[in-house]
Amino acid sequence: MSETLVKKSDSGAEPIPVTVVAGFLGAGKTTLLNHILTAEHGRRIGVLVNDFGSINIDAELVTEVEEGIITLVGGCVCCVIRTDLIQAVLQLANRADRPEHIVIESSGVANPTGVFEAFLQPMIRNEVLVDGVITVVDAEHALGIPDEEAGLARAQVAGGDLIVLNKTDLVDGATLSKVKAWIREIRPSVEILETTHCRVPIEVLIGVGHLHDPSRLGGEASTGDNHGVHFESWSYESPAPLRLDLLQQLLNHLPSTVFRAKGFVYAASKPRMRMLLQMVGRRAVVSANRPWGEDSPRTRLVFIARSGTCDFPAIGKALKSCEEES
């Protein structure tokens with residue numbers, strides 16, 4: 001886990017979380033984006049794509065098309081990356097209806113590391129905060145990628161915080177095991193979500209809803225549209241300040257089946273500042289969000305994991321041990 005002191009943007013708004021979707025040509029990235037755009041998440045999501053043509057958006061959902069941006073019912077927007085990625089993100093960030101989350105489709109022949117590093121540049125690093133990299137892998141064709149491109153495909157897997165193993169319905173069990181072994185060889189500790197048609201719960205993909213209502217999924221299980229993986233979430237709240245060093249140790253030792261953790265932290269070392277925790281896969285970042293102001297300082301976290309794989313009471317006990325002694 002890294003701790004980042006993120007300043008507010010020039011407009012005074014908080015940085016926008018950004019999710020990068022990577023994967024080789026034909027893996028299903030656009031299918032995943034369509035899923036995000038049409039899901040009932042109630043959030044303003046900005047999606048940047050390389051081409052509108054492949055985005056299957058029902059005409060009844062479109063409210064406006066202007067200057068390369070499609071505006072959808074509910075406030076989502078879809079924008080073409082025509083030239084510079086950073087300028088496209090800044091264009092979204094400066095909209096009057098500023099997105100609450102941005103999802104970027106990385107080119108099928110791009111290494112996600114380069115996209116990730118683009119957001120470290122001074123002109124944009126106060127506007128956005130990278131939430132994570134999700135790599136889509138085609139179960140049917142992953143092992144048959146030509147040698148000339150195999151290195152790039154491996155780099156896309158290596159750069160992923162979560163792997164969405166798509167098209168699992170098109171292969172037999174033996175092939176599926178071989179593909180998972182190939183992924184594990186590249187990224188031994190990464191969690192793999194086996195899916196068809198990229199049907200992954202929106203909460204796992206971008207964590208919507210957690211900060212506004214951390215108990216929304218607490219104790220409930222989700223089937224993720226019957227793709228074979230069941231999820232459950234658990235929430236933690238405490239008025240006691242936490243030691244960030246101990247919290248870091250805890251996050252580093254969570255089971256790999258914890259896909260995501262998100263929420264606010266009342267940090268003992270920065271008691272006046274509300275800290276934001278964002279964890280996707282093994283990538284965890286704590287950043288300064290804003291002063292508590294009139295709000296009572298309180299840690300509120302939500303964890304999403306594969307059902308039946310986590311001892312949440314034990315995690316709660318470990319979090320309790322992170323509290324600073326009075």
# chains A, B, ... in the order shown; residues from 1 in each chain; ligands from 1

$ residues_around --residues "Leu277 in chain A" --least-positions-apart "5" --cutoff "7 Å" --atoms "only C-alpha atoms" --output "PDB file with N, CA and C atoms, in the first residue's frame"
ATOM      1  N   LYS A 262     -12.626  -0.281  -0.213  1.00  0.00           N
ATOM      2  CA  LYS A 262     -12.759   1.148  -0.474  1.00  0.00           C
ATOM      3  C   LYS A 262     -13.441   1.804   0.706  1.00  0.00           C
ATOM      4  N   GLY A 263     -13.076   3.046   0.976  1.00  0.00           N
ATOM      5  CA  GLY A 263     -13.741   3.759   2.045  1.00  0.00           C
ATOM      6  C   GLY A 263     -12.885   4.872   2.605  1.00  0.00           C
ATOM      7  N   PHE A 264     -13.341   5.423   3.721  1.00  0.00           N
ATOM      8  CA  PHE A 264     -12.647   6.527   4.374  1.00  0.00           C
ATOM      9  C   PHE A 264     -11.933   6.034   5.626  1.00  0.00           C
ATOM     10  N   VAL A 265     -10.770   6.628   5.875  1.00  0.00           N
ATOM     11  CA  VAL A 265      -9.946   6.247   7.022  1.00  0.00           C
ATOM     12  C   VAL A 265      -9.727   7.456   7.925  1.00  0.00           C
ATOM     13  N   VAL A 285      -4.051   2.217  -2.296  1.00  0.00           N
ATOM     14  CA  VAL A 285      -3.575   3.586  -2.158  1.00  0.00           C
ATOM     15  C   VAL A 285      -4.430   4.305  -1.126  1.00  0.00           C
ATOM     16  N   VAL A 286      -3.764   4.995  -0.190  1.00  0.00           N
ATOM     17  CA  VAL A 286      -4.454   5.867   0.754  1.00  0.00           C
ATOM     18  C   VAL A 286      -4.071   7.295   0.401  1.00  0.00           C
ATOM     19  N   SER A 287      -5.074   8.123   0.135  1.00  0.00           N
ATOM     20  CA  SER A 287      -4.800   9.497  -0.281  1.00  0.00           C
ATOM     21  C   SER A 287      -5.592  10.469   0.577  1.00  0.00           C
TER      22      SER A 287
END

$ residues_around --residues "range 144-155 of chain A" --least-positions-apart "2" --cutoff "8 Å" --atoms "only C-alpha atoms" --output "short mmCIF file (atom, residue, chain, number, x, y, z; two decimals) with N, CA and C atoms, in the first residue's frame"
data_model
loop_
_atom_site.label_atom_id
_atom_site.label_comp_id
_atom_site.auth_asym_id
_atom_site.auth_seq_id
_atom_site.Cartn_x
_atom_site.Cartn_y
_atom_site.Cartn_z
N GLY A 23 -6.20 -5.28 -22.25
CA GLY A 23 -6.44 -6.61 -22.80
C GLY A 23 -6.14 -6.65 -24.27
N PHE A 24 -5.84 -7.85 -24.78
CA PHE A 24 -5.46 -8.00 -26.17
C PHE A 24 -6.68 -7.82 -27.08
N VAL A 109 -3.44 -3.10 -28.43
CA VAL A 109 -2.00 -3.29 -28.67
C VAL A 109 -1.20 -2.33 -27.79
N ALA A 110 -1.76 -1.98 -26.62
CA ALA A 110 -1.07 -1.05 -25.72
C ALA A 110 -0.72 -1.74 -24.42
N ASN A 111 0.41 -1.34 -23.87
CA ASN A 111 0.83 -1.80 -22.55
C ASN A 111 0.18 -0.87 -21.51
N PRO A 112 -0.62 -1.42 -20.57
CA PRO A 112 -1.31 -0.54 -19.62
C PRO A 112 -0.38 0.27 -18.73
N HIS A 141 -8.60 -17.77 -26.93
CA HIS A 141 -7.47 -17.48 -27.82
C HIS A 141 -6.19 -17.06 -27.11
N ALA A 142 -6.20 -16.95 -25.80
CA ALA A 142 -5.02 -16.44 -25.08
C ALA A 142 -3.76 -17.25 -25.36
N VAL A 157 -1.22 -8.72 -18.96
CA VAL A 157 -1.58 -9.51 -17.77
C VAL A 157 -0.75 -9.06 -16.57
N ALA A 158 0.54 -8.83 -16.79
CA ALA A 158 1.42 -8.43 -15.70
C ALA A 158 1.01 -7.10 -15.10
N GLY A 159 0.41 -6.22 -15.91
CA GLY A 159 0.01 -4.91 -15.42
C GLY A 159 -1.36 -4.86 -14.79
N ILE A 186 2.53 -15.59 -14.93
CA ILE A 186 2.89 -14.19 -15.12
C ILE A 186 2.62 -13.37 -13.86
#

$ closest_residue --among "A:Leu247, A:Leu276, A:Val190, A:Leu48" --to "Leu90 in chain A" --atoms "only C-alpha atoms"
A:Leu48

$ residues_around --residues "Asp295 in chain A" --least-positions-apart "5" --cutoff "12 Å" --atoms "only C-alpha atoms" --output "short mmCIF file (atom, residue, chain, number, x, y, z; two decimals) with C-alpha atoms, in the first residue's frame"
data_model
loop_
_atom_site.label_atom_id
_atom_site.label_comp_id
_atom_site.auth_asym_id
_atom_site.auth_seq_id
_atom_site.Cartn_x
_atom_site.Cartn_y
_atom_site.Cartn_z
CA PRO A 239 -14.70 6.12 15.55
CA TYR A 266 -9.62 8.23 10.23
CA ARG A 272 -7.92 16.47 10.69
CA MET A 273 -7.83 15.01 7.18
CA ARG A 274 -10.27 12.45 5.81
CA ARG A 290 -10.48 16.50 2.33
#

$ atom_distance --atom1 "CA of Leu301 in chain A" --atom2 "CA of Arg125 in chain A"
24.5 Å

$ select_by_dssp --residues "range 71-218 of chain A" --states "strand (DSSP E or B)" --output "MDAnalysis selection string"
chainID A and resid 71:72 77:80 101:105 128:138 162:166 191:194 218

$ atom_distance --atom1 "CA of Pro291 in chain A" --atom2 "CA of Ala13 in chain A"
13.0 Å

$ atom_distance --atom1 "CA of Val302 in chain A" --atom2 "CA of Pro201 in chain A"
15.0 Å

$ residues_around --residues "range 169-179 of chain A" --least-positions-apart "6" --cutoff "8 Å" --atoms "only C-alpha atoms" --output "number ranges by chain"
A: 139-140, 142-143, 196

$ residues_around --residues "Val21 in chain A" --least-positions-apart "2" --cutoff "7 Å" --atoms "only C-alpha atoms" --output "list in words"
Thr19, Gly23, Lys29, Ile104, Glu105, Ser106, Val133, Ile134 and Thr135 of chain A

$ select_by_dssp --residues "range 74-196 of chain A" --states "alpha helix (DSSP H)" --output "ChimeraX atom specification"
/A:85-93,112-118,147-158,173-186

$ closest_residue --among "A:Val103, A:Leu120, A:Leu92, A:Leu246" --to "Ala318 in chain A" --atoms "only C-alpha atoms"
A:Leu246

$ decode --residues "range 134-148 of chain A" --atoms "N, CA and C atoms" --output "JSON list (two decimals), in the first residue's frame"
[["chain", "number", "residue", "atom", "x", "y", "z"],
["A", 134, "ILE", "N", -7.72, -3.22, -14.86],
["A", 134, "ILE", "CA", -8.44, -4.47, -15.05],
["A", 134, "ILE", "C", -8.07, -5.01, -16.43],
["A", 135, "THR", "N", -7.50, -6.20, -16.48],
["A", 135, "THR", "CA", -7.09, -6.79, -17.74],
["A", 135, "THR", "C", -8.05, -7.90, -18.14],
["A", 136, "VAL", "N", -8.58, -7.79, -19.36],
["A", 136, "VAL", "CA", -9.50, -8.80, -19.89],
["A", 136, "VAL", "C", -8.70, -9.80, -20.72],
["A", 137, "VAL", "N", -8.88, -11.09, -20.45],
["A", 137, "VAL", "CA", -8.17, -12.16, -21.16],
["A", 137, "VAL", "C", -9.19, -13.05, -21.87],
["A", 138, "ASP", "N", -8.93, -13.35, -23.12],
["A", 138, "ASP", "CA", -9.80, -14.22, -23.93],
["A", 138, "ASP", "C", -9.41, -15.68, -23.66],
["A", 139, "ALA", "N", -10.28, -16.41, -22.95],
["A", 139, "ALA", "CA", -9.96, -17.80, -22.60],
["A", 139, "ALA", "C", -9.78, -18.68, -23.84],
["A", 140, "GLU", "N", -10.47, -18.35, -24.93],
["A", 140, "GLU", "CA", -10.42, -19.18, -26.13],
["A", 140, "GLU", "C", -9.14, -18.99, -26.92],
["A", 141, "HIS", "N", -8.60, -17.77, -26.93],
["A", 141, "HIS", "CA", -7.47, -17.48, -27.82],
["A", 141, "HIS", "C", -6.19, -17.06, -27.11],
["A", 142, "ALA", "N", -6.20, -16.95, -25.80],
["A", 142, "ALA", "CA", -5.02, -16.44, -25.08],
["A", 142, "ALA", "C", -3.76, -17.25, -25.36],
["A", 143, "LEU", "N", -3.91, -18.58, -25.42],
["A", 143, "LEU", "CA", -2.73, -19.42, -25.60],
["A", 143, "LEU", "C", -2.28, -19.52, -27.05],
["A", 144, "GLY", "N", -3.08, -18.96, -27.97],
["A", 144, "GLY", "CA", -2.73, -19.05, -29.38],
["A", 144, "GLY", "C", -2.26, -17.74, -29.98],
["A", 145, "ILE", "N", -1.98, -16.75, -29.13],
["A", 145, "ILE", "CA", -1.49, -15.46, -29.64],
["A", 145, "ILE", "C", -0.11, -15.66, -30.26],
["A", 146, "PRO", "N", 0.12, -15.18, -31.49],
["A", 146, "PRO", "CA", 1.41, -15.36, -32.17],
["A", 146, "PRO", "C", 2.58, -14.86, -31.33],
["A", 147, "ASP", "N", 3.72, -15.45, -31.56],
["A", 147, "ASP", "CA", 4.92, -15.10, -30.79],
["A", 147, "ASP", "C", 5.23, -13.61, -30.87],
["A", 148, "GLU", "N", 4.95, -13.00, -32.02],
["A", 148, "GLU", "CA", 5.27, -11.58, -32.19],
["A", 148, "GLU", "C", 4.50, -10.70, -31.20]]
